[in-house]
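Colleague: Below is the file start01.csv, with CSV, C-alpha atoms and all ligand atoms.
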```csv
chain,number,residue,atom,x,y,z
A,1442,MET,CA,116.9,90.2,105.3
A,1443,ALA,CA,113.9,91.2,107.4
A,1444,SER,CA,112.6,94.3,109.2
A,1445,LEU,CA,110.6,95.2,112.3
A,1446,TYR,CA,108.2,98.1,112.5
A,1447,LEU,CA,106.7,99.6,115.7
A,1448,HIS,CA,103.7,101.9,115.4
A,1449,ILE,CA,103.5,104.5,118.2
A,1450,PRO,CA,100.0,105.9,117.9
A,1451,PHE,CA,100.3,109.2,119.9
A,1452,CYS,CA,100.6,112.7,118.6
A,1453,GLU,CA,100.5,116.0,120.5
A,1454,HIS,CA,97.9,117.3,118.1
A,1455,LYS,CA,96.3,115.9,114.9
A,1456,CYS,CA,97.5,117.6,111.7
A,1457,ILE,CA,94.8,118.6,109.2
A,1458,TYR,CA,96.0,116.4,106.4
A,1459,CYS,CA,96.9,113.2,108.4
A,1460,ASP,CA,95.1,109.9,107.9
A,1461,PHE,CA,97.6,107.8,109.8
A,1462,TYR,CA,96.2,106.1,112.9
A,1463,SER,CA,97.2,108.3,115.9
A,1464,ILE,CA,95.4,110.0,118.7
A,1465,ALA,CA,96.0,113.3,120.4
A,1466,PRO,CA,95.3,113.5,124.2
A,1467,LYS,CA,91.6,114.3,124.9
A,1468,GLU,CA,91.5,113.1,128.5
A,1469,SER,CA,93.3,114.4,131.5
A,1470,PRO,CA,97.2,114.2,131.5
A,1471,SER,CA,97.1,111.4,134.1
A,1472,GLU,CA,94.5,109.4,132.0
A,1473,HIS,CA,96.6,109.9,128.9
A,1474,HIS,CA,99.7,108.8,130.7
A,1475,GLY,CA,97.8,105.7,131.8
A,1476,LEU,CA,96.9,104.9,128.2
A,1477,VAL,CA,100.5,105.3,127.1
A,1478,GLU,CA,101.7,103.0,129.8
A,1479,ARG,CA,99.1,100.4,128.9
A,1480,PHE,CA,100.0,100.6,125.2
A,1481,LEU,CA,103.7,100.2,126.1
A,1482,ARG,CA,102.9,97.0,128.1
A,1483,ALA,CA,100.8,95.8,125.2
A,1484,ILE,CA,103.3,96.4,122.4
A,1485,LYS,CA,105.9,94.4,124.4
A,1486,GLY,CA,103.2,91.7,124.9
A,1487,GLU,CA,102.6,91.6,121.2
A,1488,VAL,CA,106.3,91.1,120.5
A,1489,ALA,CA,106.3,88.2,123.0
A,1490,LEU,CA,103.3,86.6,121.3
A,1491,ARG,CA,104.9,86.8,117.8
A,1492,ALA,CA,108.3,85.7,119.2
A,1493,GLY,CA,106.6,82.4,120.2
A,1494,GLU,CA,106.5,81.4,116.4
A,1495,GLU,CA,109.7,79.8,115.3
A,1496,ARG,CA,109.5,80.9,111.7
A,1497,PHE,CA,109.9,84.5,112.7
A,1498,HIS,CA,113.3,83.8,114.2
A,1499,VAL,CA,115.3,85.2,111.3
A,1500,SER,CA,117.9,87.9,111.2
A,1501,TYR,CA,116.5,91.4,111.3
A,1502,GLU,CA,118.5,94.2,109.8
A,1503,THR,CA,116.2,97.2,110.4
A,1504,ILE,CA,113.9,98.5,113.1
A,1505,PHE,CA,111.7,101.5,112.5
A,1506,PHE,CA,109.7,103.5,115.1
A,1507,GLY,CA,106.9,105.2,113.1
A,1508,GLY,CA,103.6,106.7,114.0
A,1509,GLY,CA,102.2,108.9,115.2
A,1510,THR,CA,105.0,110.6,116.9
A,1511,PRO,CA,107.4,108.1,118.5
A,1512,SER,CA,109.7,111.0,119.7
A,1513,LEU,CA,107.0,111.8,122.2
A,1514,LEU,CA,108.0,108.6,124.1
A,1515,SER,CA,110.9,108.9,126.5
A,1516,PRO,CA,114.3,107.5,125.6
A,1517,SER,CA,113.9,104.9,128.4
A,1518,ASN,CA,110.6,103.7,126.7
A,1519,ILE,CA,112.4,103.3,123.4
A,1520,ALA,CA,115.3,101.5,125.2
A,1521,GLU,CA,112.9,99.1,126.8
A,1522,ILE,CA,111.2,98.3,123.5
A,1523,LEU,CA,114.6,97.7,121.8
A,1524,ASP,CA,115.6,95.5,124.7
A,1525,THR,CA,112.4,93.5,124.3
A,1526,LEU,CA,113.0,93.1,120.6
A,1527,SER,CA,116.6,92.0,121.0
A,1528,ARG,CA,115.6,89.4,123.6
A,1529,SER,CA,112.9,88.1,121.3
A,1530,PHE,CA,114.5,88.1,117.8
A,1531,PRO,CA,117.9,87.9,116.3
A,1532,ILE,CA,118.9,91.6,115.5
A,1533,GLU,CA,121.9,92.1,113.3
A,1534,PRO,CA,124.8,94.0,114.7
A,1535,GLY,CA,124.8,97.4,113.0
A,1536,ALA,CA,121.0,97.2,112.3
A,1537,GLU,CA,119.5,100.4,111.0
A,1538,ILE,CA,117.3,101.8,113.9
A,1539,THR,CA,115.2,104.7,112.8
A,1540,LEU,CA,113.0,107.0,115.0
A,1541,GLU,CA,110.5,109.3,113.4
A,1542,THR,CA,111.1,112.6,115.2
A,1543,ASN,CA,109.1,115.7,115.2
A,1544,PRO,CA,110.7,119.1,115.9
A,1545,GLY,CA,109.0,120.5,118.9
A,1546,THR,CA,109.1,117.2,120.8
A,1547,VAL,CA,112.8,116.9,121.5
A,1548,ASP,CA,115.8,118.8,122.7
A,1549,ARG,CA,119.5,118.1,122.5
A,1550,ARG,CA,119.5,116.1,125.8
A,1551,LYS,CA,116.6,113.9,124.7
A,1552,LEU,CA,118.2,113.3,121.3
A,1553,LYS,CA,121.4,112.3,123.1
A,1554,GLU,CA,119.5,109.8,125.2
A,1555,PHE,CA,117.8,108.4,122.1
A,1556,ARG,CA,121.2,107.9,120.5
A,1557,ALA,CA,122.5,106.2,123.7
A,1558,ALA,CA,119.4,103.9,123.6
A,1559,GLY,CA,120.5,102.6,120.3
A,1560,VAL,CA,118.7,104.8,117.7
A,1561,ASN,CA,121.1,105.5,114.9
A,1562,ARG,CA,118.9,107.2,112.3
A,1563,LEU,CA,116.4,110.0,112.6
A,1564,SER,CA,113.5,110.7,110.2
A,1565,MET,CA,112.5,114.3,110.9
A,1566,GLY,CA,109.0,115.5,110.0
A,1567,ILE,CA,110.1,119.0,109.0
A,1568,GLN,CA,107.5,119.5,106.1
A,1569,SER,CA,108.4,123.1,105.4
A,1570,PHE,CA,110.8,125.9,106.4
A,1571,HIS,CA,108.1,128.5,106.1
A,1572,ASP,CA,106.1,129.3,109.2
A,1573,ASP,CA,102.9,130.1,107.4
A,1574,ASP,CA,103.0,126.6,105.6
A,1575,LEU,CA,103.6,125.0,109.0
A,1576,LYS,CA,100.6,126.9,110.4
A,1577,PHE,CA,98.4,125.9,107.5
A,1578,LEU,CA,99.4,122.2,107.9
A,1579,SER,CA,98.8,122.7,111.7
A,1580,ARG,CA,102.2,121.3,112.6
A,1581,ILE,CA,103.2,122.0,116.2
A,1582,HIS,CA,106.7,123.4,115.3
A,1583,SER,CA,108.2,126.5,113.7
A,1584,SER,CA,110.9,126.7,111.1
A,1585,ASP,CA,113.4,127.9,113.7
A,1586,GLN,CA,112.6,124.9,115.9
A,1587,ALA,CA,113.1,122.6,112.9
A,1588,LYS,CA,116.6,124.1,112.2
A,1589,GLN,CA,117.5,123.9,115.9
A,1590,CYS,CA,116.3,120.3,116.0
A,1591,VAL,CA,118.7,119.4,113.1
A,1592,ARG,CA,121.7,121.1,114.9
A,1593,ASP,CA,120.8,119.3,118.1
A,1594,ALA,CA,120.7,116.0,116.3
A,1595,TYR,CA,124.2,116.4,114.9
A,1596,ASP,CA,125.4,117.6,118.3
A,1597,ALA,CA,123.8,114.5,119.9
A,1598,GLY,CA,125.9,112.3,117.6
A,1599,PHE,CA,123.5,111.4,114.8
A,1600,GLU,CA,125.2,111.0,111.5
A,1601,ASN,CA,122.2,109.7,109.5
A,1602,VAL,CA,119.3,112.2,109.5
A,1603,SER,CA,116.5,112.3,107.0
A,1604,PHE,CA,114.0,115.1,106.4
A,1605,ASP,CA,110.4,114.8,105.3
A,1606,LEU,CA,109.1,117.7,103.2
A,1607,ILE,CA,105.7,118.3,101.6
A,1608,PHE,CA,105.2,120.2,98.4
A,1609,ALA,CA,102.2,121.2,96.3
A,1610,LEU,CA,100.7,123.1,99.2
A,1611,PRO,CA,97.8,125.4,98.1
A,1612,SER,CA,99.1,128.3,96.1
A,1613,GLN,CA,102.7,127.3,96.7
A,1614,THR,CA,104.9,128.9,94.1
A,1615,PRO,CA,108.1,127.4,92.5
A,1616,ALA,CA,110.2,130.0,94.3
A,1617,ARG,CA,108.7,129.1,97.7
A,1618,TRP,CA,109.3,125.4,97.1
A,1619,ARG,CA,112.9,126.0,95.8
A,1620,SER,CA,113.6,128.0,99.0
A,1621,ASN,CA,112.4,124.9,101.1
A,1622,LEU,CA,114.7,122.6,99.1
A,1623,GLU,CA,117.7,124.9,99.4
A,1624,GLN,CA,117.2,125.5,103.1
A,1625,ALA,CA,117.0,121.7,103.5
A,1626,VAL,CA,120.1,120.8,101.6
A,1627,GLY,CA,122.0,123.6,103.4
A,1628,LEU,CA,121.4,121.7,106.6
A,1629,ARG,CA,123.1,118.6,105.1
A,1630,PRO,CA,120.7,115.8,105.6
A,1631,THR,CA,121.8,112.3,104.4
A,1632,HIS,CA,118.3,111.5,103.1
A,1633,MET,CA,115.2,113.4,102.0
A,1634,SER,CA,111.6,112.2,101.4
A,1635,CYS,CA,109.6,114.7,99.4
A,1636,TYR,CA,105.8,114.1,99.1
A,1637,SER,CA,103.2,115.9,97.2
A,1638,LEU,CA,100.3,116.9,99.5
A,1639,ILE,CA,97.5,114.3,99.3
A,1640,VAL,CA,94.0,115.3,100.3
A,1641,GLU,CA,92.9,112.2,102.1
A,1642,PRO,CA,89.2,111.5,102.7
A,1643,ASN,CA,87.9,112.0,106.3
A,1644,THR,CA,90.5,114.7,107.1
A,1645,PRO,CA,89.9,118.3,108.0
A,1646,LEU,CA,91.8,119.2,104.9
A,1647,PHE,CA,89.4,117.2,102.7
A,1648,ARG,CA,86.5,119.1,104.2
A,1649,MET,CA,88.3,122.4,103.6
A,1650,VAL,CA,88.9,121.5,99.9
A,1651,GLU,CA,85.3,120.3,99.5
A,1652,SER,CA,83.9,123.6,101.0
A,1653,LYS,CA,86.3,125.5,98.7
A,1654,GLN,CA,88.0,127.1,101.7
A,1655,VAL,CA,91.3,126.0,100.1
A,1656,SER,CA,92.1,124.9,96.5
A,1657,THR,CA,94.8,122.4,95.7
A,1658,LEU,CA,97.5,122.9,93.0
A,1659,ASN,CA,96.6,121.6,89.6
A,1660,ALA,CA,98.5,118.6,88.2
A,1661,GLU,CA,100.7,120.7,85.9
A,1662,ASP,CA,101.9,122.9,88.8
A,1663,ASP,CA,102.4,119.9,91.0
A,1664,ALA,CA,104.6,118.3,88.3
A,1665,THR,CA,106.6,121.5,88.0
A,1666,LEU,CA,107.5,121.3,91.7
A,1667,TYR,CA,108.3,117.6,91.5
A,1668,GLU,CA,110.6,118.1,88.5
A,1669,MET,CA,112.3,120.9,90.5
A,1670,THR,CA,112.7,118.5,93.4
A,1671,MET,CA,114.5,115.9,91.3
A,1672,ASP,CA,116.7,118.6,89.6
A,1673,VAL,CA,117.7,120.4,92.8
A,1674,LEU,CA,118.4,117.3,94.8
A,1675,ALA,CA,120.4,115.6,91.9
A,1676,ARG,CA,122.6,118.8,91.7
A,1677,HIS,CA,123.3,118.4,95.4
A,1678,GLY,CA,124.5,114.8,95.1
A,1679,PHE,CA,121.3,113.0,96.1
A,1680,GLU,CA,120.5,109.7,94.3
A,1681,GLN,CA,116.8,109.2,93.6
A,1682,TYR,CA,116.0,105.6,94.6
A,1683,GLU,CA,112.2,105.9,94.7
A,1684,VAL,CA,109.6,108.2,93.4
A,1685,SER,CA,109.7,110.3,96.6
A,1686,ASN,CA,113.0,109.3,98.2
A,1687,PHE,CA,116.5,110.7,97.7
A,1688,ALA,CA,119.7,109.7,99.5
A,1689,GLN,CA,123.3,110.7,99.6
A,1690,PRO,CA,125.5,107.8,98.4
A,1691,GLY,CA,125.5,105.1,101.1
A,1692,PHE,CA,122.5,106.5,103.0
A,1693,ARG,CA,119.5,104.8,101.3
A,1694,SER,CA,117.0,103.7,103.9
A,1695,ARG,CA,117.5,99.9,104.3
A,1696,HIS,CA,114.1,99.7,105.9
A,1697,ASN,CA,112.3,101.4,103.0
A,1698,ALA,CA,114.2,99.3,100.5
A,1699,ASN,CA,113.0,96.1,102.3
A,1700,TYR,CA,109.4,97.2,101.9
A,1701,TRP,CA,110.0,97.8,98.2
A,1702,ASN,CA,111.7,94.5,97.5
A,1703,HIS,CA,109.2,92.3,99.2
A,1704,SER,CA,111.4,91.4,102.1
A,1705,ASN,CA,109.7,90.0,105.2
A,1706,TYR,CA,108.6,92.5,107.9
A,1707,LEU,CA,106.7,92.3,111.2
A,1708,GLY,CA,104.7,95.2,112.3
A,1709,PHE,CA,103.7,95.8,116.0
A,1710,GLY,CA,101.2,98.3,117.4
A,1711,PRO,CA,97.8,99.5,116.4
A,1712,SER,CA,97.3,99.6,112.6
A,1713,ALA,CA,100.7,98.1,111.9
A,1714,HIS,CA,101.0,95.9,108.8
A,1715,SER,CA,103.2,92.8,108.3
A,1716,PHE,CA,104.3,90.8,105.3
A,1717,TRP,CA,105.7,87.4,105.3
A,1718,SER,CA,106.7,84.7,102.8
A,1719,ASP,CA,108.5,81.6,104.0
A,1720,ASP,CA,109.9,80.8,100.5
A,1721,GLN,CA,113.0,82.0,98.8
A,1722,LEU,CA,111.2,81.7,95.5
A,1723,ILE,CA,108.2,83.8,96.4
A,1724,ARG,CA,105.0,82.2,95.0
A,1725,SER,CA,102.7,83.2,97.9
A,1726,ALA,CA,102.9,85.4,100.9
A,1727,LYS,CA,100.7,86.6,103.8
A,1728,ARG,CA,99.9,90.2,104.7
A,1729,TRP,CA,98.1,91.0,107.9
A,1730,TRP,CA,97.3,94.2,109.8
A,1731,ASN,CA,96.4,95.1,113.3
A,1732,ILE,CA,93.3,96.9,114.6
A,1733,SER,CA,93.4,100.7,114.5
A,1734,ASN,CA,92.3,101.4,118.1
A,1735,VAL,CA,94.8,101.6,120.9
A,1736,VAL,CA,92.4,100.5,123.6
A,1737,GLY,CA,91.0,97.6,121.6
A,1738,TYR,CA,94.6,96.7,120.7
A,1739,SER,CA,95.7,96.7,124.3
A,1740,GLU,CA,92.7,94.7,125.4
A,1741,ARG,CA,93.4,91.9,122.9
A,1742,VAL,CA,97.0,91.6,123.8
A,1743,GLU,CA,96.1,91.6,127.5
A,1744,HIS,CA,93.9,88.6,126.8
A,1745,GLY,CA,96.8,86.8,125.1
A,1746,THR,CA,95.4,87.1,121.6
A,1747,LEU,CA,97.0,88.8,118.5
A,1748,PRO,CA,95.3,92.1,117.8
A,1749,LEU,CA,94.6,91.3,114.1
A,1750,ALA,CA,92.0,93.3,112.1
A,1751,GLY,CA,92.5,91.3,108.9
A,1752,GLU,CA,94.8,89.2,106.7
A,1753,GLU,CA,95.2,88.2,103.1
A,1754,THR,CA,97.1,85.6,101.1
A,1755,LEU,CA,98.8,87.0,98.1
A,1756,VAL,CA,99.2,84.6,95.2
A,1757,SER,CA,102.0,84.6,92.5
A,1758,SER,CA,100.2,86.8,90.0
A,1759,GLN,CA,99.4,89.4,92.7
A,1760,LEU,CA,103.0,89.4,93.9
A,1761,ILE,CA,104.4,89.8,90.4
A,1762,ASP,CA,102.1,92.8,89.8
A,1763,GLU,CA,103.2,94.3,93.1
A,1764,ALA,CA,106.8,93.6,92.4
A,1765,ILE,CA,106.6,95.5,89.1
A,1766,LEU,CA,104.9,98.4,90.7
A,1767,LEU,CA,107.3,98.5,93.7
A,1768,GLY,CA,110.4,97.9,91.6
A,1769,LEU,CA,109.6,100.7,89.1
A,1770,ARG,CA,108.6,103.1,91.8
A,1771,ALA,CA,111.9,102.4,93.5
A,1772,ASP,CA,115.3,101.8,91.8
A,1773,GLY,CA,114.2,99.4,89.0
A,1774,ILE,CA,113.7,95.8,88.1
A,1775,ASP,CA,116.6,93.4,87.8
A,1776,VAL,CA,115.9,90.7,85.2
A,1777,ALA,CA,117.9,87.9,86.8
A,1778,GLY,CA,116.8,88.8,90.3
A,1779,PHE,CA,113.1,89.0,89.2
A,1780,ARG,CA,113.2,85.5,87.7
A,1781,LYS,CA,115.0,84.1,90.7
A,1782,ARG,CA,112.6,85.7,93.2
A,1783,TYR,CA,109.2,85.3,91.4
A,1784,GLY,CA,109.9,82.3,89.0
A,1785,ALA,CA,108.7,84.4,86.1
A,1786,GLY,CA,110.2,86.4,83.3
A,1787,PHE,CA,109.6,90.1,83.1
A,1788,PHE,CA,111.6,91.3,80.1
A,1789,ASP,CA,110.4,88.6,77.6
A,1790,GLU,CA,106.8,89.4,78.2
A,1791,HIS,CA,107.2,93.2,78.0
A,1792,ARG,CA,110.0,93.5,75.5
A,1793,ALA,CA,108.0,95.7,73.0
A,1794,ARG,CA,106.7,98.0,75.8
A,1795,ILE,CA,110.1,98.4,77.4
A,1796,ALA,CA,111.6,99.3,74.0
A,1797,GLU,CA,108.9,102.0,73.6
A,1798,LEU,CA,109.6,103.4,77.1
A,1799,GLU,CA,113.3,103.6,76.3
A,1800,ARG,CA,112.6,105.4,73.0
A,1801,LYS,CA,110.5,107.9,74.8
A,1802,ASN,CA,113.2,108.4,77.5
A,1803,LEU,CA,110.9,107.2,80.2
A,1804,ALA,CA,113.0,104.2,81.2
A,1805,VAL,CA,116.6,103.1,80.7
A,1806,LEU,CA,118.1,99.6,80.7
A,1807,GLU,CA,121.3,99.7,82.7
A,1808,GLY,CA,122.9,96.3,82.2
A,1809,GLU,CA,120.1,94.0,83.2
A,1810,ARG,CA,118.2,96.5,85.3
A,1811,LEU,CA,115.3,98.5,84.0
A,1812,ARG,CA,114.8,101.8,85.8
A,1813,LEU,CA,112.7,104.9,85.3
A,1814,THR,CA,114.3,108.2,84.2
A,1815,PRO,CA,113.2,111.4,86.0
A,1816,LYS,CA,110.7,111.9,83.1
A,1817,GLY,CA,109.5,108.3,83.8
A,1818,TYR,CA,109.0,109.0,87.5
A,1819,LEU,CA,106.6,111.8,86.6
A,1820,LEU,CA,104.4,109.2,84.7
A,1821,CYS,CA,105.2,106.3,87.1
A,1822,ASP,CA,101.6,105.2,87.8
A,1823,GLU,CA,100.6,105.1,84.1
A,1824,ILE,CA,103.8,103.2,83.2
A,1825,CYS,CA,103.3,100.6,85.9
A,1826,LEU,CA,99.7,100.1,84.8
A,1827,SER,CA,100.8,99.5,81.2
A,1828,LEU,CA,103.2,96.7,82.3
A,1829,ARG,CA,100.7,94.7,84.3
B,1901,LIG,S1,102.5,114.5,113.6
B,1901,LIG,FE1,102.5,113.0,111.8
B,1901,LIG,S2,101.3,111.3,112.5
B,1901,LIG,FE2,100.9,113.0,114.0
B,1901,LIG,S3,99.0,113.9,113.2
B,1901,LIG,FE3,100.8,115.1,112.3
B,1901,LIG,S4,101.2,114.0,110.3
B,1901,LIG,FE4,99.9,112.7,111.5
```
Since I need it in another form, could you write the structure as structure tokens?
Modeller:
Amino acid sequence: MASLYLHIPFCEHKCIYCDFYSIAPKESPSEHHGLVERFLRAIKGEVALRAGEERFHVSYETIFFGGGTPSLLSPSNIAEILDTLSRSFPIEPGAEITLETNPGTVDRRKLKEFRAAGVNRLSMGIQSFHDDDLKFLSRIHSSDQAKQCVRDAYDAGFENVSFDLIFALPSQTPARWRSNLEQAVGLRPTHMSCYSLIVEPNTPLFRMVESKQVSTLNAEDDATLYEMTMDVLARHGFEQYEVSNFAQPGFRSRHNANYWNHSNYLGFGPSAHSFWSDDQLIRSAKRWWNISNVVGYSERVEHGTLPLAGEETLVSSQLIDEAILLGLRADGIDVAGFRKRYGAGFFDEHRARIAELERKNLAVLEGERLRLTPKGYLLCDEICLSLR
């Protein structure tokens, strides 16, 4: 199964911690509108360029609009992109079609129109239910707007709604984070992604930390909040299927799962990444990525060339290392599936280490699948390194 990703590189305002490629309007509204229109023509042009290659005509089961803030686009923009995709590639009936949505950019009517355009899953960037946290993160919405956005989404007919929350904010107490989790589960999302705040280089937050304007939580306090996340969400029926991702039964993100199991995906738009292997037994694969500049991206496509910034060929040993990392971070490694996919054993080579992980309650063998326990997720990076 394969996936399609569309990177929509526009935001109303740049958040202090964000290092995704996106731009906020600097020029006049009409110039910005012109840039958006140019980008929309370019992304459809890029789809057409890729669709010219026969090997990409496989069945696609997920489409994901990420960014940036795709919900800033109009429903008719999204409908046109979906129409271009379905005329260019085979899209499965019932494909999962996700739109990253920021509260503060939509109302009930707009959400209804997104639903009518074919979007069937929303990934909402809520981040916190505390207004002072949202202000610190420089988000454009308030807690009340986030709650209203969720109610509007249900009213608009969405039955699959995911929330993104961020923990380990400076001086965040366990009580504050628990209140976020409880307010979130009270709104009955089908899926939650909970990420620890990362201080990325070249962001305003990085400079604030460097100049000691703010201090980050220490590793121990961060771990306490993460353990609380796993505990609270498990008690509310969420299954953890990746370090940061939790779903009600039947609502795991098929798009995310495809990334984590080395399925093929094509990415469109500035900075979008793609991954492709033509083989069932995956001994080599290509990864490529687009330039991170909306004007440069549009120019390239207008000249009929792919807007590539780089590419790499992954050989078998690299793919196996990645598969171990991705599998353990997600819902485990299946011994038979691993051999079939990568032509290599995993368990034979690591038998002693796996037994040790089980003894320490860091991992558990369920049938033929090795998965991390909640205690193991806490030490995920070290465990993955020890198995390479
Ligand atoms: S809304 Fe999302 S993509 Fe845009 S600046 Fe904020 S974190 Fe980054």
Colleague: Could you list, as number ranges by chain, all residues that come within 12 Å of ligand LIG 1901 (chain B)? Count only C-alpha atoms and all ligand atoms.
Modeller: A: 1448-1466, 1506-1513, 1541-1546, 1564-1568, 1575-1576, 1578-1582, 1605-1607, 1638-1639, 1641, 1644-1645
Colleague: Can you work out which one of A:His1791, A:Arg1800, A:His1703, A:Arg1617 has the shortest atom-to-atom distance to A:Ala1771, counting only C-alpha atoms?
Modeller: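 So, comparing all the options, the nearest one is A:His1703.
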Colleague: Of the candidates A:Ile1795, A:Gly1737, A:Glu1753, A:Gln1759, which shows the shortest atom-to-atom distance to A:Arg1479, using all atoms listed in the file?
Modeller: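 Of the candidates, the smallest distance to A:Arg1479 is held by A:Gly1737.
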Colleague: Quote the spacing between atom CA of A:Phe1608 and atom CA of A:Ser1637 in Å to one decimal place.
Modeller: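 Separation of atom CA of A:Phe1608 and atom CA of A:Ser1637: 4.9 Å.
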Colleague: What residues have an atom no more than 6 Å from (90.4, 116.7, 99.4) in the file's own frame, counting all atoms listed in the file, and can you write them as a PyMOL selection string?
Modeller: chain A and resi 1640-1641+1647+1650
Colleague: Quick one: pull the distance between atom CA of A:Phe1779 and atom CA of A:Leu1760, Å, one decimal.
Modeller: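 Taking atom CA of A:Phe1779 and atom CA of A:Leu1760, their separation equals 11.1 Å.
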Colleague: Report the distance between atom CA of A:Asp1789 and atom CA of A:Lys1816 in Å, rounded to one decimal place.
Modeller: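 According to the coordinates, atom CA of A:Asp1789 and atom CA of A:Lys1816 are separated by 23.9 Å.
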Colleague: Looking at A:Val1805, A:Phe1505, A:Val1742, A:Ser1529, which one is nearest to A:Asn1697, with distances taken over all atoms listed in the file?
Modeller: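 Checking each of A:Val1805, A:Phe1505, A:Val1742, A:Ser1529 against A:Asn1697, counting all atoms listed in the file, the winner is A:Phe1505.
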Colleague: Between A:Gln1681, A:Ser1500, A:Ser1620, A:Ser1715, single out the one closest to A:Thr1814, counting only C-alpha atoms.
Modeller: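 Checking each candidate against A:Thr1814, we get A:Gln1681 as the closest.
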Colleague: Please list as a ChimeraX atom specification every residue within 8 Å of stretch 1661-1671 of chain A, counting all atoms listed in the file and excluding residues in the same chain fewer than 6 positions away.
Modeller: /A:1608-1609,1615,1618-1619,1622,1635,1637,1681,1815,1819
Colleague: Emit the selected residues as a tab-separated table (two decimals), in the frame of the given file, including C-alpha atoms.
Modeller:
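Output contents, as saved in out_25.tsv:
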```
chain	number	residue	atom	x	y	z
A	1608	PHE	CA	105.20	120.20	98.40
A	1609	ALA	CA	102.20	121.20	96.30
A	1615	PRO	CA	108.10	127.40	92.50
A	1618	TRP	CA	109.30	125.40	97.10
A	1619	ARG	CA	112.90	126.00	95.80
A	1622	LEU	CA	114.70	122.60	99.10
A	1635	CYS	CA	109.60	114.70	99.40
A	1637	SER	CA	103.20	115.90	97.20
A	1681	GLN	CA	116.80	109.20	93.60
A	1815	PRO	CA	113.20	111.40	86.00
A	1819	LEU	CA	106.60	111.80	86.60
```
Colleague: Return the single residue from A:Ser1704, A:Ser1527, A:Gln1589, A:Ser1694 that is closest to A:Leu1563, with distances computed using only C-alpha atoms.
Modeller: A:Ser1694
Colleague: Point out the residue among A:Val1626, A:Ile1504, A:Ile1732, A:Ala1616 with the least atom-to-atom distance to A:His1696, counting only C-alpha atoms.
Modeller: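 For A:His1696, the nearest of the candidates is A:Ile1504.
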